[in-house]
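Colleague: See upload11.cif below, with mmCIF, C-alpha atoms and all ligand atoms.
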```cif
data_data
loop_
_atom_site.label_atom_id
_atom_site.label_comp_id
_atom_site.auth_asym_id
_atom_site.auth_seq_id
_atom_site.Cartn_x
_atom_site.Cartn_y
_atom_site.Cartn_z
CA MET K 1 3.73 -26.64 49.63
CA SER K 2 3.99 -24.34 46.59
CA PRO K 3 0.77 -23.62 44.66
CA PRO K 4 0.12 -25.77 41.56
CA VAL K 5 1.49 -24.30 38.36
CA ARG K 6 -1.04 -24.10 35.56
CA LEU K 7 0.55 -24.64 32.16
CA THR K 8 -1.18 -22.87 29.28
CA ALA K 9 -0.09 -22.97 25.66
CA ALA K 10 1.13 -19.66 24.30
CA PRO K 11 -1.56 -18.00 22.17
CA PRO K 12 -0.97 -18.48 18.43
CA PRO K 13 0.76 -15.61 16.63
CA THR K 14 -1.63 -13.01 15.34
CA ALA K 15 -1.58 -9.72 13.41
CA ARG K 16 -4.40 -7.14 13.49
CA VAL K 17 -4.52 -4.55 10.72
CA ARG K 18 -7.00 -1.85 9.84
CA ALA K 19 -7.55 -0.29 6.40
CA PRO K 20 -9.80 2.66 5.50
CA GLY K 21 -12.79 3.05 3.23
CA LYS K 22 -12.76 5.82 0.63
CA VAL K 23 -14.79 8.44 -1.12
CA ASN K 24 -14.08 9.51 -4.70
CA LEU K 25 -13.80 13.30 -4.58
CA SER K 26 -13.76 13.11 -8.34
CA LEU K 27 -14.46 10.12 -10.55
CA ARG K 28 -14.06 10.60 -14.29
CA VAL K 29 -14.82 7.60 -16.43
CA GLY K 30 -13.72 7.07 -20.02
CA PRO K 31 -15.17 4.75 -22.69
CA VAL K 32 -15.19 1.01 -21.94
CA GLN K 33 -12.15 -0.86 -23.25
CA ASP K 34 -11.84 -4.32 -24.80
CA ASP K 35 -10.99 -5.87 -21.40
CA GLY K 36 -14.34 -4.62 -20.00
CA TYR K 37 -12.69 -2.01 -17.77
CA HIS K 38 -13.02 1.75 -18.04
CA PRO K 39 -10.04 4.10 -17.95
CA LEU K 40 -10.42 6.35 -14.92
CA VAL K 41 -9.05 9.52 -13.50
CA SER K 42 -10.13 9.65 -9.89
CA VAL K 43 -9.17 11.59 -6.80
CA PHE K 44 -9.58 9.24 -3.84
CA GLN K 45 -9.76 10.28 -0.23
CA ALA K 46 -9.50 7.73 2.58
CA VAL K 47 -11.93 8.37 5.44
CA ALA K 48 -11.75 7.28 9.07
CA LEU K 49 -14.19 4.37 8.69
CA TYR K 50 -12.12 1.22 8.94
CA GLU K 51 -12.21 -2.46 8.20
CA GLU K 52 -10.20 -4.47 10.69
CA VAL K 53 -8.70 -7.86 9.81
CA THR K 54 -7.11 -10.17 12.36
CA ALA K 55 -4.94 -12.97 10.96
CA THR K 56 -4.22 -15.79 13.41
CA GLN K 57 -1.81 -18.63 12.69
CA ALA K 58 -3.73 -21.93 12.38
CA ARG K 59 -2.55 -25.53 12.78
CA PRO K 60 -0.39 -26.82 9.88
CA GLY K 61 -2.62 -28.30 7.17
CA SER K 62 -5.79 -26.63 8.44
CA GLY K 63 -5.96 -24.15 5.54
CA LEU K 64 -7.86 -20.88 5.42
CA SER K 65 -10.94 -19.94 7.40
CA LEU K 66 -12.87 -16.69 7.65
CA THR K 67 -15.37 -15.13 10.04
CA VAL K 68 -17.01 -11.71 9.81
CA ASP K 69 -18.70 -9.45 12.33
CA GLY K 70 -20.23 -5.98 12.30
CA PRO K 71 -23.72 -4.55 11.65
CA GLN K 72 -23.96 -5.80 8.04
CA ALA K 73 -21.94 -9.03 8.48
CA VAL K 74 -24.78 -11.22 7.17
CA LEU K 75 -24.37 -9.59 3.74
CA VAL K 76 -20.73 -10.68 3.45
CA PRO K 77 -19.64 -14.09 2.03
CA THR K 78 -17.31 -16.13 4.24
CA ASP K 79 -15.93 -18.39 1.52
CA GLU K 80 -13.21 -18.13 -1.13
CA THR K 81 -15.14 -15.37 -2.93
CA ASN K 82 -14.41 -12.99 -0.04
CA LEU K 83 -11.67 -10.51 -1.01
CA ALA K 84 -9.83 -10.98 2.31
CA TRP K 85 -9.68 -14.73 1.66
CA ARG K 86 -8.46 -14.13 -1.92
CA ALA K 87 -5.80 -11.72 -0.61
CA ALA K 88 -4.41 -14.29 1.85
CA ARG K 89 -4.43 -16.98 -0.84
CA LEU K 90 -2.67 -14.69 -3.37
CA LEU K 91 0.05 -13.68 -0.90
CA ALA K 92 0.59 -17.33 0.10
CA GLU K 93 0.97 -18.34 -3.56
CA HIS K 94 3.31 -15.43 -4.23
CA THR K 95 5.58 -16.22 -1.29
CA GLY K 96 5.30 -20.03 -1.14
CA VAL K 97 3.87 -19.93 2.40
CA GLU K 98 1.21 -22.48 3.44
CA ALA K 99 -1.98 -20.49 3.97
CA ASP K 100 -2.86 -21.95 7.38
CA VAL K 101 -4.59 -18.92 8.77
CA ALA K 102 -7.83 -17.90 10.45
CA LEU K 103 -9.01 -14.50 9.27
CA HIS K 104 -11.50 -12.42 11.17
CA VAL K 105 -13.01 -9.34 9.53
CA ARG K 106 -14.68 -6.58 11.53
CA LYS K 107 -16.70 -4.40 9.17
CA GLY K 108 -16.81 -0.66 9.69
CA VAL K 109 -17.44 0.49 6.09
CA PRO K 110 -20.88 0.14 4.43
CA VAL K 111 -21.16 -3.15 2.48
CA ALA K 112 -21.48 -2.86 -1.35
CA GLY K 113 -21.79 0.87 -0.85
CA GLY K 114 -19.24 2.37 -3.25
CA MET K 115 -16.81 3.04 -0.39
CA ALA K 116 -14.35 0.19 -1.04
CA GLY K 117 -15.26 -1.84 2.07
CA GLY K 118 -14.38 -5.14 0.37
CA SER K 119 -11.21 -3.63 -1.07
CA ALA K 120 -10.21 -2.44 2.42
CA ASP K 121 -10.67 -6.04 3.63
CA ALA K 122 -8.29 -7.21 0.92
CA ALA K 123 -5.77 -4.48 1.76
CA ALA K 124 -5.90 -5.26 5.49
CA ALA K 125 -5.68 -9.03 4.91
CA LEU K 126 -2.63 -8.60 2.65
CA VAL K 127 -0.81 -6.48 5.22
CA ALA K 128 -1.89 -8.71 8.14
CA CYS K 129 -0.75 -11.95 6.48
CA ASP K 130 2.48 -10.28 5.36
CA ALA K 131 3.17 -9.37 9.00
CA LEU K 132 2.06 -12.76 10.38
CA TRP K 133 4.15 -14.76 7.91
CA GLU K 134 7.05 -12.28 8.04
CA THR K 135 7.30 -12.54 4.28
CA GLY K 136 8.98 -9.13 3.92
CA VAL K 137 7.44 -8.60 0.47
CA PRO K 138 8.60 -5.20 -0.87
CA ARG K 139 5.84 -2.56 -0.74
CA SER K 140 5.83 -2.19 -4.54
CA ASP K 141 5.15 -5.95 -4.92
CA LEU K 142 2.44 -5.74 -2.29
CA LEU K 143 0.79 -2.94 -4.29
CA ASP K 144 0.99 -5.09 -7.47
CA LEU K 145 -0.72 -7.95 -5.65
CA ALA K 146 -3.29 -5.46 -4.34
CA ALA K 147 -4.09 -4.30 -7.91
CA ARG K 148 -4.66 -7.92 -8.97
CA LEU K 149 -7.31 -8.26 -6.26
CA GLY K 150 -9.30 -5.17 -7.32
CA SER K 151 -8.92 -1.69 -8.75
CA ASP K 152 -9.44 0.05 -5.38
CA VAL K 153 -7.27 -2.24 -3.25
CA PRO K 154 -3.95 -0.39 -3.80
CA PHE K 155 -5.56 2.85 -2.61
CA CYS K 156 -6.82 1.15 0.57
CA VAL K 157 -3.21 0.10 1.29
CA LEU K 158 -1.91 3.62 0.66
CA GLY K 159 -4.69 5.79 2.15
CA HIS K 160 -4.61 9.60 2.53
CA THR K 161 -5.55 11.38 -0.74
CA ALA K 162 -4.31 10.25 -4.14
CA VAL K 163 -4.98 10.57 -7.84
CA GLY K 164 -5.70 7.22 -9.47
CA THR K 165 -5.35 6.50 -13.19
CA GLY K 166 -5.54 3.32 -15.27
CA ARG K 167 -8.29 1.23 -13.69
CA GLY K 168 -7.89 3.49 -10.65
CA HIS K 169 -4.95 1.43 -9.42
CA LEU K 170 -2.00 3.63 -10.54
CA LEU K 171 -1.65 6.13 -7.71
CA THR K 172 0.06 9.44 -7.14
CA PRO K 173 -0.28 10.96 -3.64
CA ALA K 174 -1.98 14.37 -3.59
CA MET K 175 -1.11 17.24 -1.31
CA THR K 176 -3.86 18.28 1.10
CA ARG K 177 -4.20 20.57 4.10
CA GLY K 178 -6.38 20.08 7.15
CA GLU K 179 -9.29 17.82 7.83
CA PHE K 180 -12.59 17.54 5.97
CA HIS K 181 -15.87 16.57 7.64
CA TRP K 182 -17.98 13.96 5.88
CA VAL K 183 -21.40 12.43 6.32
CA PHE K 184 -22.26 9.14 4.61
CA GLY K 185 -25.77 7.86 4.13
CA ALA K 186 -25.88 4.16 3.30
CA SER K 187 -28.62 2.08 1.82
CA GLU K 188 -29.55 -1.41 3.08
CA ARG K 189 -29.54 -2.66 -0.51
CA GLY K 190 -26.09 -2.42 -2.08
CA LEU K 191 -25.43 -1.70 -5.74
CA SER K 192 -23.26 -3.93 -7.90
CA THR K 193 -20.28 -2.04 -9.31
CA PRO K 194 -20.39 -3.87 -12.69
CA ALA K 195 -24.13 -3.08 -12.98
CA VAL K 196 -23.46 0.64 -12.47
CA TYR K 197 -20.66 0.63 -15.05
CA ALA K 198 -22.97 -1.24 -17.48
CA ARG K 199 -25.67 1.44 -17.00
CA PHE K 200 -22.97 4.10 -17.56
CA ASP K 201 -22.17 2.38 -20.90
CA GLU K 202 -25.87 2.41 -21.83
CA LEU K 203 -26.29 6.08 -20.95
CA THR K 204 -23.16 7.12 -22.85
CA GLN K 205 -23.78 4.53 -25.59
CA GLY K 206 -20.19 3.40 -25.14
CA GLY K 207 -19.01 6.83 -26.32
CA ALA K 208 -17.93 8.55 -23.07
CA ALA K 209 -15.41 11.35 -23.60
CA PRO K 210 -11.78 10.45 -22.86
CA VAL K 211 -10.68 11.46 -19.36
CA GLY K 212 -7.81 13.80 -18.52
CA LEU K 213 -5.91 14.97 -15.46
CA ASP K 214 -6.59 18.65 -16.21
CA ASP K 215 -10.28 18.34 -15.35
CA ASP K 216 -9.63 18.47 -11.61
CA THR K 217 -7.44 21.55 -11.29
CA ALA K 218 -9.96 23.41 -9.09
CA LEU K 219 -10.38 20.35 -6.87
CA MET K 220 -6.62 19.88 -6.41
CA GLN K 221 -6.28 23.57 -5.58
CA ALA K 222 -9.07 23.29 -2.98
CA LEU K 223 -7.29 20.31 -1.38
CA ARG K 224 -3.95 22.14 -1.24
CA ALA K 225 -5.63 25.18 0.31
CA GLY K 226 -7.67 23.08 2.76
CA ASP K 227 -10.76 24.96 1.53
CA PRO K 228 -13.89 22.86 2.14
CA THR K 229 -16.22 25.31 0.34
CA ALA K 230 -14.14 25.13 -2.85
CA LEU K 231 -13.80 21.36 -2.46
CA GLY K 232 -17.57 20.97 -2.08
CA ALA K 233 -18.13 22.90 -5.31
CA ALA K 234 -15.57 20.77 -7.18
CA LEU K 235 -16.85 17.29 -6.20
CA HIS K 236 -17.64 15.28 -9.32
CA ASN K 237 -18.84 11.76 -10.16
CA ASP K 238 -19.37 10.50 -13.73
CA LEU K 239 -21.12 7.39 -12.34
CA GLN K 240 -23.71 9.42 -10.44
CA GLU K 241 -26.26 9.54 -13.25
CA ALA K 242 -25.98 5.77 -13.73
CA ALA K 243 -26.37 5.13 -9.99
CA LEU K 244 -29.36 7.52 -9.83
CA SER K 245 -31.04 5.83 -12.76
CA LEU K 246 -30.77 2.50 -10.88
CA ARG K 247 -31.80 4.10 -7.55
CA PRO K 248 -33.83 7.28 -8.22
CA GLU K 249 -34.53 7.71 -4.49
CA LEU K 250 -30.88 8.74 -3.96
CA GLY K 251 -31.75 12.06 -5.63
CA ARG K 252 -33.80 12.98 -2.54
CA THR K 253 -30.90 12.08 -0.22
CA LEU K 254 -28.66 14.43 -2.24
CA ASP K 255 -31.30 17.20 -2.20
CA ILE K 256 -31.79 16.97 1.57
CA ALA K 257 -28.02 17.24 2.15
CA ARG K 258 -27.87 20.37 -0.02
CA GLU K 259 -30.92 21.87 1.72
CA THR K 260 -29.16 21.26 5.04
CA GLY K 261 -26.24 23.36 3.82
CA ALA K 262 -23.83 20.63 2.66
CA LEU K 263 -20.89 22.19 0.81
CA GLY K 264 -21.27 19.41 -1.76
CA ALA K 265 -23.14 16.12 -2.05
CA ILE K 266 -22.41 13.22 -4.40
CA VAL K 267 -22.95 9.53 -4.81
CA SER K 268 -19.81 7.82 -3.48
CA GLY K 269 -18.07 5.83 -6.24
CA SER K 270 -20.59 3.45 -7.82
CA GLY K 271 -23.01 4.04 -4.90
CA PRO K 272 -25.51 3.70 -3.41
CA THR K 273 -23.86 5.46 -0.44
CA VAL K 274 -24.27 9.23 -0.61
CA ALA K 275 -21.44 11.46 0.63
CA ALA K 276 -22.01 14.99 1.92
CA LEU K 277 -19.23 17.42 2.77
CA ALA K 278 -19.95 19.47 5.90
CA ARG K 279 -18.48 22.70 7.30
CA SER K 280 -17.70 21.22 10.70
CA ARG K 281 -18.28 18.23 12.91
CA GLN K 282 -21.46 19.87 14.29
CA HIS K 283 -22.71 20.52 10.77
CA ALA K 284 -21.97 16.88 9.83
CA LEU K 285 -24.06 15.72 12.80
CA ALA K 286 -26.89 18.05 11.72
CA ILE K 287 -26.94 16.59 8.18
CA ALA K 288 -26.84 13.06 9.60
CA ALA K 289 -29.75 13.86 11.95
CA THR K 290 -31.81 15.33 9.09
CA TRP K 291 -31.21 12.29 6.87
CA THR K 292 -32.28 10.02 9.72
CA ALA K 293 -35.36 12.11 10.57
CA GLU K 294 -36.45 12.20 6.91
CA GLY K 295 -35.80 8.48 6.42
CA ALA K 296 -33.40 9.38 3.59
CA ALA K 297 -30.74 6.79 4.53
CA ASP K 298 -30.85 3.40 6.24
CA ALA K 299 -27.65 4.10 8.20
CA VAL K 300 -25.56 7.25 8.65
CA TRP K 301 -21.94 7.82 9.58
CA THR K 302 -20.06 11.04 10.33
CA THR K 303 -16.31 10.95 9.94
CA THR K 304 -13.29 12.81 8.64
CA GLY K 305 -10.76 12.51 5.84
CA PRO K 306 -8.04 12.11 4.87
CA ALA K 307 -7.22 8.98 6.90
CA GLY K 308 -4.05 6.90 6.84
CA GLY K 309 -3.68 3.67 4.85
CA ALA K 310 -3.46 0.05 6.02
CA ARG K 311 -1.75 -0.05 9.42
CA GLN K 312 -0.88 -2.83 11.81
CA LEU K 313 -2.49 -2.31 15.24
CA THR K 314 -1.13 -5.35 17.11
O1 LIG T 1 -11.41 -4.08 -10.21
P1 LIG T 1 -12.67 -4.51 -9.55
O2 LIG T 1 -12.79 -6.01 -9.44
O3 LIG T 1 -12.91 -3.83 -8.25
O4 LIG T 1 -13.82 -4.04 -10.51
C1 LIG T 1 -15.15 -4.50 -10.36
C2 LIG T 1 -15.91 -4.24 -11.65
O5 LIG T 1 -16.07 -2.83 -11.83
C3 LIG T 1 -15.23 -4.72 -12.91
O6 LIG T 1 -15.55 -6.05 -13.18
C4 LIG T 1 -15.79 -3.78 -13.96
O7 LIG T 1 -17.08 -4.18 -14.33
C5 LIG T 1 -15.94 -2.48 -13.20
N1 LIG T 1 -14.79 -1.56 -13.36
C6 LIG T 1 -14.62 -0.93 -14.58
N2 LIG T 1 -13.58 -0.06 -14.75
C7 LIG T 1 -12.72 0.20 -13.74
C8 LIG T 1 -12.89 -0.42 -12.49
C9 LIG T 1 -13.94 -1.31 -12.33
O8 LIG T 1 -15.41 -1.15 -15.51
N3 LIG T 1 -11.73 1.06 -13.94
#
```
What does the file become when written as C-alpha cells?
Modeller:
Amino acid sequence: MSPPVRLTAAPPPTARVRAPGKVNLSLRVGPVQDDGYHPLVSVFQAVALYEEVTATQARPGSGLSLTVDGPQAVLVPTDETNLAWRAARLLAEHTGVEADVALHVRKGVPVAGGMAGGSADAAAALVACDALWETGVPRSDLLDLAARLGSDVPFCVLGHTAVGTGRGHLLTPAMTRGEFHWVFGASERGLSTPAVYARFDELTQGGAAPVGLDDDTALMQALRAGDPTALGAALHNDLQEAALSLRPELGRTLDIARETGALGAIVSGSGPTVAALARSRQHALAIAATWTAEGAADAVWTTTGPAGGARQLT
C-alpha cells in the first residue's frame, strides 16, 4: 500500500522588501512657507539599518492588516495611521487593486529618531505591494506616490547618497567613494518632527536665511574623495539647535562622541538620535561602548553608509 498523501494548500503569495534608514549629512532649512513646510537642501546618506516589510496576499474582501515586531514595536501604531498601511492603501487606490494584504513590519531603525524609520516602512511597503500585486507601476510614478506619503520616503526608495531639495523629496544622486563608519545613539523618547520644525521657527523667528546648493561644496568634495575626516568636519544640521533646546541632554552625547575622537557628531535629522562618524569599525565600536558606559544613549547601533535603497529579498 502506498503511503497516504497529505494535501496542503500552497502558501499565499508574498513579497519581502527591505528599505534603509538615513542620516542627513547636511540639513539646511529655509524659512517656513505658507503650506507649513520648509524648503530644504539636504544631503542624505542611507545607512545599513533596515526596515523589513513582508506583504502577504490575504483572502478577497479581508482588507488590510498590519503587525509589527522589533525592539521598539510597542511604540508603533498598527492602524491606518501607520505609514506602511497608508503606502499600501495609496498604491491600491492608484492602481485599482483591492488592498487585501497582510503587512508585517520588522523594525531595525530607531522609532521617531530622525532616521526615517517610518518613511523606510512606507518605501518598503510600496515596493513590496507593487511586487505582490504585479502592478508594474513605473519607478517615477512610484517615487511620486512616495513623496505624497512623506518628504523622506522617496529617498528611502532610492538609497545610497543623494541631494534633496524642495521638501527634501526632489533627489539627485551624489557621487561617493568608499564606506563610512557610523555610530547612532538613540533615545527611548522620540521627538516629533513637526515640534522640532516649530521650535526652529521660534528660534529663527520665521526669518531663516534662504538655503542654497553652494553651501555644501566641501561636503560633496569629501564624499567624492571618500575622505571621512573632511566629511566629519563638514557635517551640518540646521535643526540641531532646535532639537537641543527640546532635549538639552543630547549636548552631552555629542560631547562624549567628540571626546572619543569622532570625526564629526550631529543630531540626525530632527533627532533625537545622535550620529557620530568614526574612523573605522573598531573606532565606531569604541564610541558605542563609551556612550553605553556613560549612559549617554538608551540604545546604540554601529553601521556603515552608504547603503542601497528599497530592495526585494524574496
Ligand atoms: O513630509 P512629512 O510628513 O514627513 O513631514 C512631517 C512634518 O515635518 C511636516 O508636517 C512639517 O511639520 C515638517 N516638515 C517641514 N518641512 C519639510 C519637511 C517636513 O516643515 N521640508
Colleague: For the contact check between segment 97-203 of chain K and segment 284-297 of chain K, emit one row per residue of segment 97-203 of chain K within 9 Å, containing the shortest atom pair and the distance in Å rounded to one decimal, counting only C-alpha atoms, chain then rising number order, as JSON lines.
Modeller:
```
{"residue": "K:His181", "atom": "CA", "partner": "K:Ala284", "partner_atom": "CA", "distance": 6.5}
{"residue": "K:Trp182", "atom": "CA", "partner": "K:Ala284", "partner_atom": "CA", "distance": 6.3}
{"residue": "K:Val183", "atom": "CA", "partner": "K:Ala284", "partner_atom": "CA", "distance": 5.7}
{"residue": "K:Phe184", "atom": "CA", "partner": "K:Ala288", "partner_atom": "CA", "distance": 7.8}
{"residue": "K:Gly185", "atom": "CA", "partner": "K:Ala297", "partner_atom": "CA", "distance": 5.1}
{"residue": "K:Ala186", "atom": "CA", "partner": "K:Ala297", "partner_atom": "CA", "distance": 5.7}
{"residue": "K:Ser187", "atom": "CA", "partner": "K:Ala297", "partner_atom": "CA", "distance": 5.8}
{"residue": "K:Glu188", "atom": "CA", "partner": "K:Ala297", "partner_atom": "CA", "distance": 8.4}
```
Colleague: Between atom CA of Thr229 of chain K and atom CA of Arg279 of chain K, what is the spacing in Å?
Modeller: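 Computing the Euclidean distance for atom CA of Arg279 of chain K and atom CA of Thr229 of chain K yields 7.8 Å.
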Colleague: Just the residues within 8 Å of Pro12 of chain K, please, counting all atoms listed in the file, with nothing from its chain fewer than 3 positions along; format it as an mmCIF file with C-alpha atoms, in the coordinates of the input.
Modeller:
```
data_model
loop_
_atom_site.group_PDB
_atom_site.id
_atom_site.type_symbol
_atom_site.label_atom_id
_atom_site.label_comp_id
_atom_site.auth_asym_id
_atom_site.auth_seq_id
_atom_site.Cartn_x
_atom_site.Cartn_y
_atom_site.Cartn_z
ATOM 1 C CA THR K 56 -4.220 -15.790 13.410
ATOM 2 C CA GLN K 57 -1.810 -18.630 12.690
ATOM 3 C CA ALA K 58 -3.730 -21.930 12.380
#
```
Colleague: Ligand LIG 1 (chain T): which residues are within 9 Å, counting only C-alpha atoms and all ligand atoms? Reply as a PyMOL selection string.
Modeller: chain K and resi 29-30+32-33+35-41+116+118-119+147-153+165-169+192-198+270
Colleague: Pick out the closest residue to Leu27 of chain K from this set: K:Gly212, K:Pro3, K:Gly178, K:Gly308. Count all atoms listed in the file.
Modeller: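 The closest residue to Leu27 of chain K is K:Gly212.
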Colleague: Have a look at K:Glu202, K:Asp130, K:Asp100, K:Asp144 and name the one nearest to Glu241 of chain K; count all atoms listed in the file.
Modeller: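 Under the stated criterion, the closest residue is K:Glu202.
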Colleague: Would you pick out the contacts of segment 215-225 of chain K at 8 Å or less, using only C-alpha atoms, so that residues sharing its chain but fewer than 2 positions from it are not included, and give the list as a list in words?
Modeller: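 Neighbouring residues, sequence-local ones excluded: Ser26, Ala174, Met175, Thr176, Arg177, Val211, Gly212, Leu213, Asp227, Pro228, Ala230, Leu231, Ala234 and Leu235 of chain K.
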Colleague: Which of these, K:His160, K:Glu51, K:Asn237, K:Ala276, has the shortest distance to Val300 of chain K once you count all atoms listed in the file?
Modeller: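 Result for the nearest residue to Val300 of chain K: K:Ala276.
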Colleague: Suppose you want the space between atom CA of Ala310 of chain K and atom CA of Leu64 of chain K; what is it in Å?
Modeller: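 These two atoms are separated by 21.4 Å.
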Colleague: Smallest atom-to-atom distance to Ile256 of chain K: which of K:Ala19, K:Leu132, K:Val274, K:Ala99, using only C-alpha atoms?
Modeller: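 Closest residue, counting only C-alpha atoms: K:Val274.
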Colleague: Using all atoms listed in the file, can you tell me which of K:Ala242, K:Leu142, K:Leu49, K:Leu7 comes closest to Gly108 of chain K?
Modeller: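 Counting all atoms listed in the file, the residue closest to Gly108 of chain K is K:Leu49.
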Colleague: Rank K:Val157, K:Leu263, K:Val74, K:Leu313 by their smallest atom-to-atom distance to Gly232 of chain K, using all atoms listed in the file, and report the top residue only.
Modeller: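 Between K:Val157, K:Leu263, K:Val74, K:Leu313, the residue approaching Gly232 of chain K most closely is K:Leu263.
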Colleague: Measure the distance from atom CA of Ala120 of chain K to atom CA of Val76 of chain K in Å and round it to one decimal.
Modeller: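 Separating atom CA of Ala120 of chain K from atom CA of Val76 of chain K is a distance of 13.4 Å.
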